[in-house]
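Source file: protein.cif. Holds: mmCIF, C-alpha atoms and all ligand atoms.
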data_protein
loop_
_atom_site.label_atom_id
_atom_site.label_comp_id
_atom_site.auth_asym_id
_atom_site.auth_seq_id
_atom_site.Cartn_x
_atom_site.Cartn_y
_atom_site.Cartn_z
CA MET W 1 0.00 0.00 0.00
CA LEU W 2 2.68 2.51 1.10
CA GLU W 3 6.33 1.87 0.25
CA ILE W 4 8.99 4.15 1.62
CA GLU W 5 12.42 3.31 0.25
CA SER W 6 15.83 4.71 1.24
CA LEU W 7 14.19 7.98 2.16
CA SER W 8 16.43 10.83 3.22
CA ALA W 9 15.18 14.34 3.96
CA GLY W 10 15.86 17.34 6.14
CA HIS W 11 15.37 21.03 6.68
CA GLY W 12 17.50 23.49 4.75
CA GLY W 13 20.95 22.02 4.50
CA GLY W 14 20.75 19.50 7.36
CA THR W 15 19.75 15.89 6.84
CA VAL W 16 17.31 14.59 9.48
CA LEU W 17 16.16 11.28 7.96
CA HIS W 18 18.84 8.88 6.80
CA GLY W 19 17.69 6.14 4.44
CA ILE W 20 14.31 5.15 5.92
CA ASP W 21 12.64 1.98 4.62
CA LEU W 22 9.05 1.27 5.64
CA THR W 23 6.23 -0.79 4.17
CA LEU W 24 2.63 -0.36 5.27
CA THR W 25 -0.05 -2.84 4.31
CA GLU W 26 -3.56 -1.67 3.57
CA GLY W 27 -5.77 -1.31 6.61
CA SER W 28 -2.91 -1.43 9.08
CA VAL W 29 -1.71 0.95 11.79
CA HIS W 30 2.03 1.50 11.71
CA ALA W 31 3.43 3.44 14.67
CA VAL W 32 6.68 5.37 14.45
CA LEU W 33 8.14 5.86 17.90
CA GLY W 34 10.98 8.11 18.92
CA HIS W 35 12.13 10.81 21.26
CA ASN W 36 11.68 14.52 20.62
CA GLY W 37 13.68 15.45 17.56
CA ALA W 38 14.01 11.86 16.30
CA GLY W 39 12.44 12.83 12.97
CA LYS W 40 8.83 11.59 13.24
CA THR W 41 7.27 14.83 12.02
CA THR W 42 9.93 15.17 9.34
CA LEU W 43 8.99 11.70 8.08
CA LEU W 44 5.26 12.47 7.98
CA HIS W 45 5.87 15.84 6.33
CA THR W 46 8.08 14.25 3.70
CA VAL W 47 5.40 11.67 2.87
CA ALA W 48 2.80 14.48 2.66
CA GLY W 49 5.07 16.46 0.32
CA LEU W 50 5.62 19.40 2.66
CA LEU W 51 9.31 18.51 2.51
CA ARG W 52 11.10 17.27 -0.55
CA PRO W 53 13.24 14.18 -0.01
CA SER W 54 16.90 14.45 -0.94
CA ARG W 55 16.99 10.70 -1.72
CA GLY W 56 14.67 7.72 -1.98
CA SER W 57 11.05 7.23 -2.91
CA VAL W 58 7.51 7.20 -1.55
CA THR W 59 5.01 5.06 -3.45
CA LEU W 60 1.30 4.81 -2.63
CA ALA W 61 -0.60 1.96 -4.27
CA GLY W 62 1.97 1.82 -7.06
CA ARG W 63 2.05 5.57 -7.65
CA ARG W 64 5.20 7.61 -6.98
CA LEU W 65 4.47 10.54 -4.68
CA ASP W 66 7.93 11.92 -3.90
CA GLY W 67 8.66 15.15 -5.70
CA GLN W 68 4.95 15.91 -6.18
CA PRO W 69 3.46 19.06 -4.64
CA PRO W 70 1.41 18.61 -1.43
CA HIS W 71 -1.98 19.24 -3.07
CA ARG W 72 -1.35 16.45 -5.59
CA ILE W 73 -0.28 14.12 -2.81
CA ALA W 74 -3.43 15.01 -0.86
CA ARG W 75 -5.50 14.30 -3.96
CA ALA W 76 -3.77 10.95 -4.36
CA GLY W 77 -5.27 10.06 -0.98
CA VAL W 78 -2.85 11.19 1.72
CA GLY W 79 -4.35 13.01 4.71
CA LEU W 80 -2.23 14.67 7.39
CA VAL W 81 -3.39 15.40 10.92
CA PRO W 82 -0.64 17.78 11.99
CA GLN W 83 1.01 17.83 15.37
CA GLY W 84 -0.67 20.51 17.50
CA ARG W 85 -3.94 20.20 15.50
CA ARG W 86 -3.86 23.68 13.90
CA VAL W 87 -7.54 24.48 14.11
CA PHE W 88 -8.78 28.00 13.37
CA ALA W 89 -9.82 29.80 16.56
CA ARG W 90 -12.68 31.78 14.98
CA LEU W 91 -14.18 29.26 12.57
CA THR W 92 -16.90 26.99 13.91
CA VAL W 93 -16.66 23.22 13.78
CA ALA W 94 -19.25 23.15 10.98
CA GLU W 95 -17.27 25.75 8.99
CA HIS W 96 -14.06 23.74 9.39
CA LEU W 97 -15.83 20.68 8.05
CA ALA W 98 -17.43 22.51 5.12
CA LEU W 99 -14.02 23.90 4.10
CA ALA W 100 -12.31 20.52 4.34
CA HIS W 101 -14.96 18.55 2.44
CA ARG W 102 -13.53 17.31 -0.83
CA ARG W 103 -15.75 15.70 -3.45
CA PRO W 104 -13.50 14.48 -6.21
CA ARG W 105 -15.21 13.64 -9.48
CA GLY W 106 -15.05 10.00 -10.48
CA GLN W 107 -13.52 8.94 -7.16
CA ALA W 108 -14.97 7.37 -4.05
CA ALA W 109 -15.74 10.08 -1.48
CA PRO W 110 -17.38 8.30 1.43
CA TRP W 111 -16.78 11.02 4.02
CA THR W 112 -19.30 13.83 4.40
CA PRO W 113 -19.60 16.28 7.32
CA GLN W 114 -22.63 14.27 8.47
CA ALA W 115 -20.66 11.01 8.36
CA VAL W 116 -17.71 12.36 10.37
CA LEU W 117 -20.08 13.84 12.95
CA ARG W 118 -21.76 10.45 13.32
CA LEU W 119 -18.33 8.98 13.96
CA LEU W 120 -17.46 11.76 16.43
CA PRO W 121 -20.62 12.51 18.44
CA ARG W 122 -18.67 14.68 20.87
CA LEU W 123 -17.83 17.01 17.99
CA ASP W 124 -21.41 16.95 16.76
CA GLU W 125 -22.51 18.47 20.08
CA ARG W 126 -20.06 21.33 19.54
CA ARG W 127 -20.66 21.94 15.83
CA SER W 128 -21.62 25.60 16.16
CA GLN W 129 -18.72 26.39 18.52
CA PRO W 130 -15.60 28.19 17.28
CA GLY W 131 -12.38 26.15 17.21
CA GLY W 132 -10.82 28.35 19.90
CA ARG W 133 -13.45 27.27 22.44
CA LEU W 134 -12.94 23.54 22.00
CA SER W 135 -11.03 21.42 24.50
CA GLY W 136 -7.78 19.79 23.41
CA GLY W 137 -9.57 16.50 22.82
CA GLU W 138 -12.29 18.16 20.77
CA GLN W 139 -9.67 20.00 18.71
CA GLN W 140 -7.96 16.68 18.05
CA MET W 141 -11.27 15.17 16.91
CA LEU W 142 -11.78 18.18 14.64
CA ALA W 143 -8.30 17.81 13.12
CA LEU W 144 -9.08 14.15 12.45
CA ALA W 145 -12.52 14.96 11.00
CA ARG W 146 -10.96 17.52 8.68
CA ALA W 147 -8.40 15.03 7.40
CA LEU W 148 -11.08 12.38 6.79
CA LEU W 149 -13.08 14.84 4.68
CA GLY W 150 -10.13 14.94 2.29
CA GLN W 151 -11.08 11.28 1.49
CA PRO W 152 -7.71 9.74 2.39
CA ARG W 153 -6.53 6.19 1.79
CA LEU W 154 -3.50 6.89 3.94
CA LEU W 155 -3.79 8.90 7.13
CA LEU W 156 -0.69 10.47 8.68
CA LEU W 157 -1.37 11.11 12.36
CA ASP W 158 1.22 13.21 14.15
CA GLU W 159 1.04 12.67 17.91
CA PRO W 160 -2.76 12.71 18.08
CA THR W 161 -2.77 12.00 21.81
CA GLU W 162 -0.37 14.78 22.81
CA GLY W 163 -1.74 16.67 25.79
CA LEU W 164 -4.88 14.55 26.13
CA ALA W 165 -6.14 12.92 29.31
CA PRO W 166 -5.53 9.15 29.28
CA ASP W 167 -9.13 8.13 28.60
CA LEU W 168 -9.42 10.58 25.72
CA ALA W 169 -6.05 9.49 24.32
CA ASP W 170 -7.33 5.95 24.40
CA GLU W 171 -10.55 6.97 22.65
CA VAL W 172 -8.61 8.64 19.82
CA LEU W 173 -6.44 5.55 19.36
CA GLN W 174 -9.39 3.15 19.42
CA LEU W 175 -11.05 5.29 16.79
CA THR W 176 -7.89 5.07 14.70
CA ARG W 177 -8.00 1.30 15.05
CA ARG W 178 -11.61 1.20 13.84
CA LEU W 179 -10.78 3.34 10.82
CA ALA W 180 -7.93 0.99 9.93
CA ASP W 181 -10.22 -2.03 10.36
CA ASP W 182 -12.47 -0.37 7.77
CA GLY W 183 -9.55 -0.22 5.32
CA LEU W 184 -7.74 3.05 6.03
CA THR W 185 -3.97 2.77 6.26
CA VAL W 186 -2.48 4.73 9.16
CA LEU W 187 1.03 6.01 9.84
CA LEU W 188 1.02 7.16 13.45
CA ALA W 189 3.80 9.20 15.07
CA ALA W 190 3.77 8.54 18.77
CA PRO W 191 6.17 9.19 21.61
CA GLN W 192 4.75 6.54 23.94
CA LEU W 193 5.29 2.87 23.37
CA ARG W 194 2.50 1.63 25.61
CA LEU W 195 -0.27 3.62 23.95
CA ALA W 196 0.98 2.98 20.43
CA ALA W 197 1.43 -0.75 21.05
CA SER W 198 -2.20 -1.04 22.14
CA VAL W 199 -3.39 -0.34 18.57
CA ALA W 200 -0.48 -0.78 16.16
CA ASP W 201 0.02 -3.73 13.82
CA ARG W 202 3.66 -2.78 13.54
CA LEU W 203 5.99 -0.47 15.45
CA THR W 204 9.21 1.14 14.32
CA VAL W 205 11.65 3.09 16.47
CA LEU W 206 13.35 6.09 14.95
CA THR W 207 16.55 7.30 16.61
CA ALA W 208 18.21 10.42 15.23
CA GLY W 209 16.58 9.82 11.85
CA ARG W 210 17.46 6.13 11.54
CA ILE W 211 15.39 3.00 12.18
CA THR W 212 16.88 1.26 15.19
CA ALA W 213 14.18 -1.35 15.95
CA ALA W 214 10.92 -2.70 14.56
CA GLN W 215 8.43 -5.28 15.72
CA ASP W 216 4.93 -6.52 15.00
CA GLY W 217 2.27 -5.25 17.39
CA ALA W 218 1.46 -8.66 18.86
CA ALA W 219 5.13 -9.35 19.60
CA ALA W 220 5.60 -5.90 21.13
CA ARG W 221 2.56 -6.39 23.36
CA ALA W 222 3.93 -9.73 24.54
CA ASP W 223 7.47 -8.47 25.11
CA PRO W 224 8.34 -4.83 24.44
CA ALA W 225 11.96 -5.16 25.66
CA ALA W 226 13.54 -4.75 22.23
CA LEU W 227 11.61 -1.58 21.48
CA LEU W 228 12.17 -0.22 24.98
CA ALA W 229 15.89 -0.79 24.63
CA ALA W 230 15.92 1.10 21.34
CA LEU W 231 13.97 3.93 22.96
CA SER W 232 16.19 4.01 26.01
CA PRO W 233 18.51 7.04 26.09
CA VAL W 234 21.34 4.89 27.45
CA PRO W 235 22.10 1.24 26.67
CA VAL W 236 20.31 -1.01 29.15
CA THR W 237 22.70 -3.48 30.72
CA GLY W 238 22.68 -5.59 33.83
CA LEU W 239 18.98 -6.41 33.57
CA GLU W 240 19.47 -9.93 32.23
CA ALA W 241 18.08 -12.73 34.34
CA THR W 242 20.82 -14.40 36.38
CA PRO W 243 21.26 -18.04 35.46
N1 LIG W 301 11.57 23.75 10.36
C1 LIG W 301 12.73 23.23 10.77
N2 LIG W 301 13.91 23.79 10.42
C2 LIG W 301 15.09 23.25 10.80
N3 LIG W 301 15.20 22.15 11.54
C3 LIG W 301 14.06 21.54 11.92
C4 LIG W 301 12.77 22.04 11.56
N4 LIG W 301 11.83 21.23 12.09
C5 LIG W 301 12.50 20.25 12.74
N5 LIG W 301 13.84 20.43 12.65
C6 LIG W 301 14.87 19.56 13.21
O1 LIG W 301 14.73 18.27 12.65
C7 LIG W 301 14.94 17.26 13.63
C8 LIG W 301 13.74 16.32 13.69
O2 LIG W 301 12.61 17.04 14.11
P1 LIG W 301 11.14 16.45 14.05
O3 LIG W 301 10.22 17.58 14.30
O4 LIG W 301 10.95 15.67 12.81
O5 LIG W 301 11.17 15.46 15.29
P2 LIG W 301 9.99 14.70 16.03
O6 LIG W 301 10.41 13.29 16.17
O7 LIG W 301 8.71 14.96 15.34
O8 LIG W 301 10.00 15.38 17.46
P3 LIG W 301 8.77 15.71 18.48
O9 LIG W 301 8.54 14.46 19.24
O10 LIG W 301 9.34 16.80 19.35
O11 LIG W 301 7.60 16.15 17.68
C9 LIG W 301 15.23 17.99 14.93
O12 LIG W 301 16.62 18.04 15.11
C10 LIG W 301 14.67 19.38 14.70
O13 LIG W 301 15.39 20.32 15.44
MG MG W 302 6.99 15.82 15.88
#

Represent the structure of the file as structure tokens.
Ligand SMILES: Nc1ncnc2c1ncn2[C@@H]1O[C@H](COP(=O)(O)OP(=O)(O)OP(=O)(O)O)[C@@H](O)[C@H]1O
Ligand SMILES: [Mg+2]
Amino acid sequence: MLEIESLSAGHGGGTVLHGIDLTLTEGSVHAVLGHNGAGKTTLLHTVAGLLRPSRGSVTLAGRRLDGQPPHRIARAGVGLVPQGRRVFARLTVAEHLALAHRRPRGQAAPWTPQAVLRLLPRLDERRSQPGGRLSGGEQQMLALARALLGQPRLLLLDEPTEGLAPDLADEVLQLTRRLADDGLTVLLAAPQLRLAASVADRLTVLTAGRITAAQDGAAARADPAALLAALSPVPVTGLEATP
């Protein structure tokens, strides 16, 4: 579904991502873990076309996306939910949804404002409120709703649980899982292993722009030691069981 091959990218002159390889199957949730500054946002922005890769390729369902402008990539079915949500303070929820609603000719466009509000009843209750009066969780729901209205096949979710209370964070992730079960492919940037492992089919650790560990979700849920070690700021030693 999504093939990322030998992808390198950065900001200005500096390289942040060094030869990233990732494959996402359709309808799966792939979590990219990593500390602040590891390159998660840079990876998502490069896939979305906001940054141009210096090397490598991004292919969605057989179609090369790298080098294309962001609006083309969006039209090819890539939706980004940016870190920090970026909702407009003065526009109402309904206005956000109306602006985001894309109805491409000759293409499936299952998401309507009504459909996203059915999925997100909490947002439905607030539909005449301006973005600036929504809680963090409601703003996150709105950012997700807006991305869905672009009719994505691939959703790039950048730290969607940042700053949310645990139950709300869980709700957002469970919703992500349901969307993937319905066929959406999800690339999720997440700082926390535990939360990400609860929904991801596959997890990859990014350290200073390189992949340092990867595991299937089921294996990570059974024994997260390998991922934890890769996420650890210092090498973990002396924790082995004594014979
Ligand atoms: N606009 C920019 N200009 C220059 N350097 C940048 C820019 N944005 C990010 N960087 C640098 O790129 C590197 C990777 O940053 P990135 O935002 O991708 O990390 P991240 O994993 O998303 O971190 P976080 O968990 O804090 O969101 C960092 O060293 C950061 O300082
Ligand atoms: Mg980030």

Nearest to ligand LIG 301 (chain W) by atom-to-atom distance, counting all atoms listed in the file, from W:Pro233, W:Asp181, W:Arg86, W:Ala190: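 Once distances to ligand LIG 301 (chain W) are computed over all atoms listed in the file, the minimum belongs to W:Ala190.
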
Nearby residues (only C-alpha atoms) at most 10 Å from stretch 162-177 of chain W, same-chain spacing under 5 positions excluded, as a ChimeraX atom specification: /W:27-29,83-85,119-120,135-138,140-141,144,155,157,182-186,188,190-192,195-196,198-201

Box in all listed atoms of stretch 12-31 of chain W, axis-aligned, with 8 Å more on each side; write out centre and edge lengths in Å to one decimal as JSON.
{"center_x": 7.6, "center_y": 10.3, "center_z": 9.1, "size_x": 42.7, "size_y": 42.3, "size_z": 27.1}

Pairwise distance for atom CA of W:Arg118 and atom CA of W:Val93, rounded to one decimal in Å: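 Going from atom CA of W:Arg118 over to atom CA of W:Val93, I get 13.8 Å.
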
Could you list, with a cut-off of 10 Å and counting all atoms listed in the file, the residues of chain W near ligand LIG 301 (chain W), each shown with its nearest atom pair and the distance in Å rounded to one decimal, rows sorted by chain and ascending number, as JSON lines?
{"residue": "W:Ala9", "atom": "CA", "partner": "W:LIG301", "partner_atom": "O1", "distance": 9.5}
{"residue": "W:Gly10", "atom": "CA", "partner": "W:LIG301", "partner_atom": "O1", "distance": 6.7}
{"residue": "W:His11", "atom": "CA", "partner": "W:LIG301", "partner_atom": "C2", "distance": 4.7}
{"residue": "W:Gly12", "atom": "CA", "partner": "W:LIG301", "partner_atom": "C2", "distance": 6.5}
{"residue": "W:Gly13", "atom": "CA", "partner": "W:LIG301", "partner_atom": "C2", "distance": 8.7}
{"residue": "W:Gly14", "atom": "CA", "partner": "W:LIG301", "partner_atom": "N3", "distance": 7.4}
{"residue": "W:Thr15", "atom": "CA", "partner": "W:LIG301", "partner_atom": "O1", "distance": 8.0}
{"residue": "W:Val16", "atom": "CA", "partner": "W:LIG301", "partner_atom": "C7", "distance": 5.5}
{"residue": "W:Leu17", "atom": "CA", "partner": "W:LIG301", "partner_atom": "C8", "distance": 8.0}
{"residue": "W:Val32", "atom": "CA", "partner": "W:LIG301", "partner_atom": "O6", "distance": 8.9}
{"residue": "W:Leu33", "atom": "CA", "partner": "W:LIG301", "partner_atom": "O6", "distance": 8.0}
{"residue": "W:Gly34", "atom": "CA", "partner": "W:LIG301", "partner_atom": "O6", "distance": 5.9}
{"residue": "W:His35", "atom": "CA", "partner": "W:LIG301", "partner_atom": "O9", "distance": 5.5}
{"residue": "W:Asn36", "atom": "CA", "partner": "W:LIG301", "partner_atom": "O9", "distance": 3.4}
{"residue": "W:Gly37", "atom": "CA", "partner": "W:LIG301", "partner_atom": "O5", "distance": 3.4}
{"residue": "W:Ala38", "atom": "CA", "partner": "W:LIG301", "partner_atom": "O6", "distance": 3.9}
{"residue": "W:Gly39", "atom": "CA", "partner": "W:LIG301", "partner_atom": "O4", "distance": 3.2}
{"residue": "W:Lys40", "atom": "CA", "partner": "W:LIG301", "partner_atom": "O6", "distance": 3.7}
{"residue": "W:Thr41", "atom": "CA", "partner": "W:LIG301", "partner_atom": "O7", "distance": 3.6}
{"residue": "W:Thr42", "atom": "CA", "partner": "W:LIG301", "partner_atom": "O4", "distance": 3.7}
{"residue": "W:Leu43", "atom": "CA", "partner": "W:LIG301", "partner_atom": "O4", "distance": 6.5}
{"residue": "W:Leu44", "atom": "CA", "partner": "W:LIG301", "partner_atom": "O4", "distance": 8.1}
{"residue": "W:His45", "atom": "CA", "partner": "W:LIG301", "partner_atom": "O4", "distance": 8.2}
{"residue": "W:Thr46", "atom": "CA", "partner": "W:LIG301", "partner_atom": "O4", "distance": 9.7}
{"residue": "W:Leu51", "atom": "CA", "partner": "W:LIG301", "partner_atom": "N1", "distance": 9.7}
{"residue": "W:Gln83", "atom": "CA", "partner": "W:LIG301", "partner_atom": "O11", "distance": 7.2}
{"residue": "W:Gly84", "atom": "CA", "partner": "W:LIG301", "partner_atom": "O11", "distance": 9.4}
{"residue": "W:Asp158", "atom": "CA", "partner": "W:LIG301", "partner_atom": "O7", "distance": 7.8}
{"residue": "W:Glu159", "atom": "CA", "partner": "W:LIG301", "partner_atom": "O11", "distance": 7.4}
{"residue": "W:Glu162", "atom": "CA", "partner": "W:LIG301", "partner_atom": "O11", "distance": 9.6}
{"residue": "W:Ala189", "atom": "CA", "partner": "W:LIG301", "partner_atom": "O7", "distance": 7.6}
{"residue": "W:Ala190", "atom": "CA", "partner": "W:LIG301", "partner_atom": "O9", "distance": 7.6}
{"residue": "W:Pro191", "atom": "CA", "partner": "W:LIG301", "partner_atom": "O9", "distance": 6.2}
{"residue": "W:Gln192", "atom": "CA", "partner": "W:LIG301", "partner_atom": "O9", "distance": 10.0}
{"residue": "W:Leu206", "atom": "CA", "partner": "W:LIG301", "partner_atom": "O6", "distance": 7.9}
{"residue": "W:Thr207", "atom": "CA", "partner": "W:LIG301", "partner_atom": "O6", "distance": 8.6}
{"residue": "W:Ala208", "atom": "CA", "partner": "W:LIG301", "partner_atom": "C8", "distance": 7.6}
{"residue": "W:Gly209", "atom": "CA", "partner": "W:LIG301", "partner_atom": "C8", "distance": 7.3}

Distance criterion (only C-alpha atoms and all ligand atoms): nearest to ligand MG 302 (chain W) out of W:Val81, W:Leu148, W:Ala213, W:Ala109: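 The shortest atom-to-atom distance to ligand MG 302 (chain W) comes from W:Val81.
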
For ligand MG 302 (chain W), the nearest of the candidates W:Gly19, W:Pro82, W:Pro110, W:Leu117, counting only C-alpha atoms and all ligand atoms: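 When distances to ligand MG 302 (chain W) are compared using only C-alpha atoms and all ligand atoms, the smallest one comes from W:Pro82.
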
Kindly output stretch 156-175 of chain W as a short mmCIF file (atom, residue, chain, number, x, y, z; two decimals), in the coordinates of the input, after building N, CA and C atoms.
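Contents of the output file out17.cif:
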data_model
loop_
_atom_site.label_atom_id
_atom_site.label_comp_id
_atom_site.auth_asym_id
_atom_site.auth_seq_id
_atom_site.Cartn_x
_atom_site.Cartn_y
_atom_site.Cartn_z
N LEU W 156 -1.91 10.21 7.94
CA LEU W 156 -0.69 10.47 8.68
C LEU W 156 -1.09 11.20 9.96
N LEU W 157 -0.92 10.54 11.09
CA LEU W 157 -1.37 11.11 12.36
C LEU W 157 -0.16 11.48 13.20
N ASP W 158 0.02 12.77 13.42
CA ASP W 158 1.22 13.21 14.15
C ASP W 158 0.89 13.49 15.61
N GLU W 159 1.25 12.57 16.46
CA GLU W 159 1.04 12.67 17.91
C GLU W 159 -0.38 13.11 18.26
N PRO W 160 -1.37 12.30 17.86
CA PRO W 160 -2.76 12.71 18.08
C PRO W 160 -3.18 12.68 19.54
N THR W 161 -2.37 12.08 20.40
CA THR W 161 -2.77 12.00 21.81
C THR W 161 -2.01 12.99 22.69
N GLU W 162 -1.18 13.81 22.06
CA GLU W 162 -0.37 14.78 22.81
C GLU W 162 -1.27 15.71 23.64
N GLY W 163 -1.01 15.76 24.92
CA GLY W 163 -1.74 16.67 25.79
C GLY W 163 -3.14 16.23 26.16
N LEU W 164 -3.53 15.01 25.79
CA LEU W 164 -4.88 14.55 26.13
C LEU W 164 -4.87 13.71 27.40
N ALA W 165 -5.98 13.79 28.14
CA ALA W 165 -6.14 12.92 29.31
C ALA W 165 -6.13 11.47 28.84
N PRO W 166 -5.69 10.55 29.71
CA PRO W 166 -5.53 9.15 29.28
C PRO W 166 -6.76 8.52 28.64
N ASP W 167 -7.94 8.78 29.18
CA ASP W 167 -9.13 8.13 28.60
C ASP W 167 -9.44 8.67 27.21
N LEU W 168 -9.17 9.96 27.01
CA LEU W 168 -9.42 10.58 25.72
C LEU W 168 -8.36 10.12 24.71
N ALA W 169 -7.13 9.99 25.18
CA ALA W 169 -6.05 9.49 24.32
C ALA W 169 -6.41 8.09 23.83
N ASP W 170 -6.93 7.31 24.74
CA ASP W 170 -7.33 5.95 24.40
C ASP W 170 -8.47 5.95 23.38
N GLU W 171 -9.40 6.87 23.57
CA GLU W 171 -10.55 6.97 22.65
C GLU W 171 -10.07 7.31 21.24
N VAL W 172 -9.13 8.25 21.14
CA VAL W 172 -8.61 8.64 19.82
C VAL W 172 -7.91 7.45 19.15
N LEU W 173 -7.17 6.69 19.94
CA LEU W 173 -6.44 5.55 19.36
C LEU W 173 -7.40 4.43 18.96
N GLN W 174 -8.42 4.19 19.77
CA GLN W 174 -9.39 3.15 19.42
C GLN W 174 -10.14 3.51 18.14
N LEU W 175 -10.40 4.80 18.00
CA LEU W 175 -11.05 5.29 16.79
C LEU W 175 -10.15 5.06 15.58
#
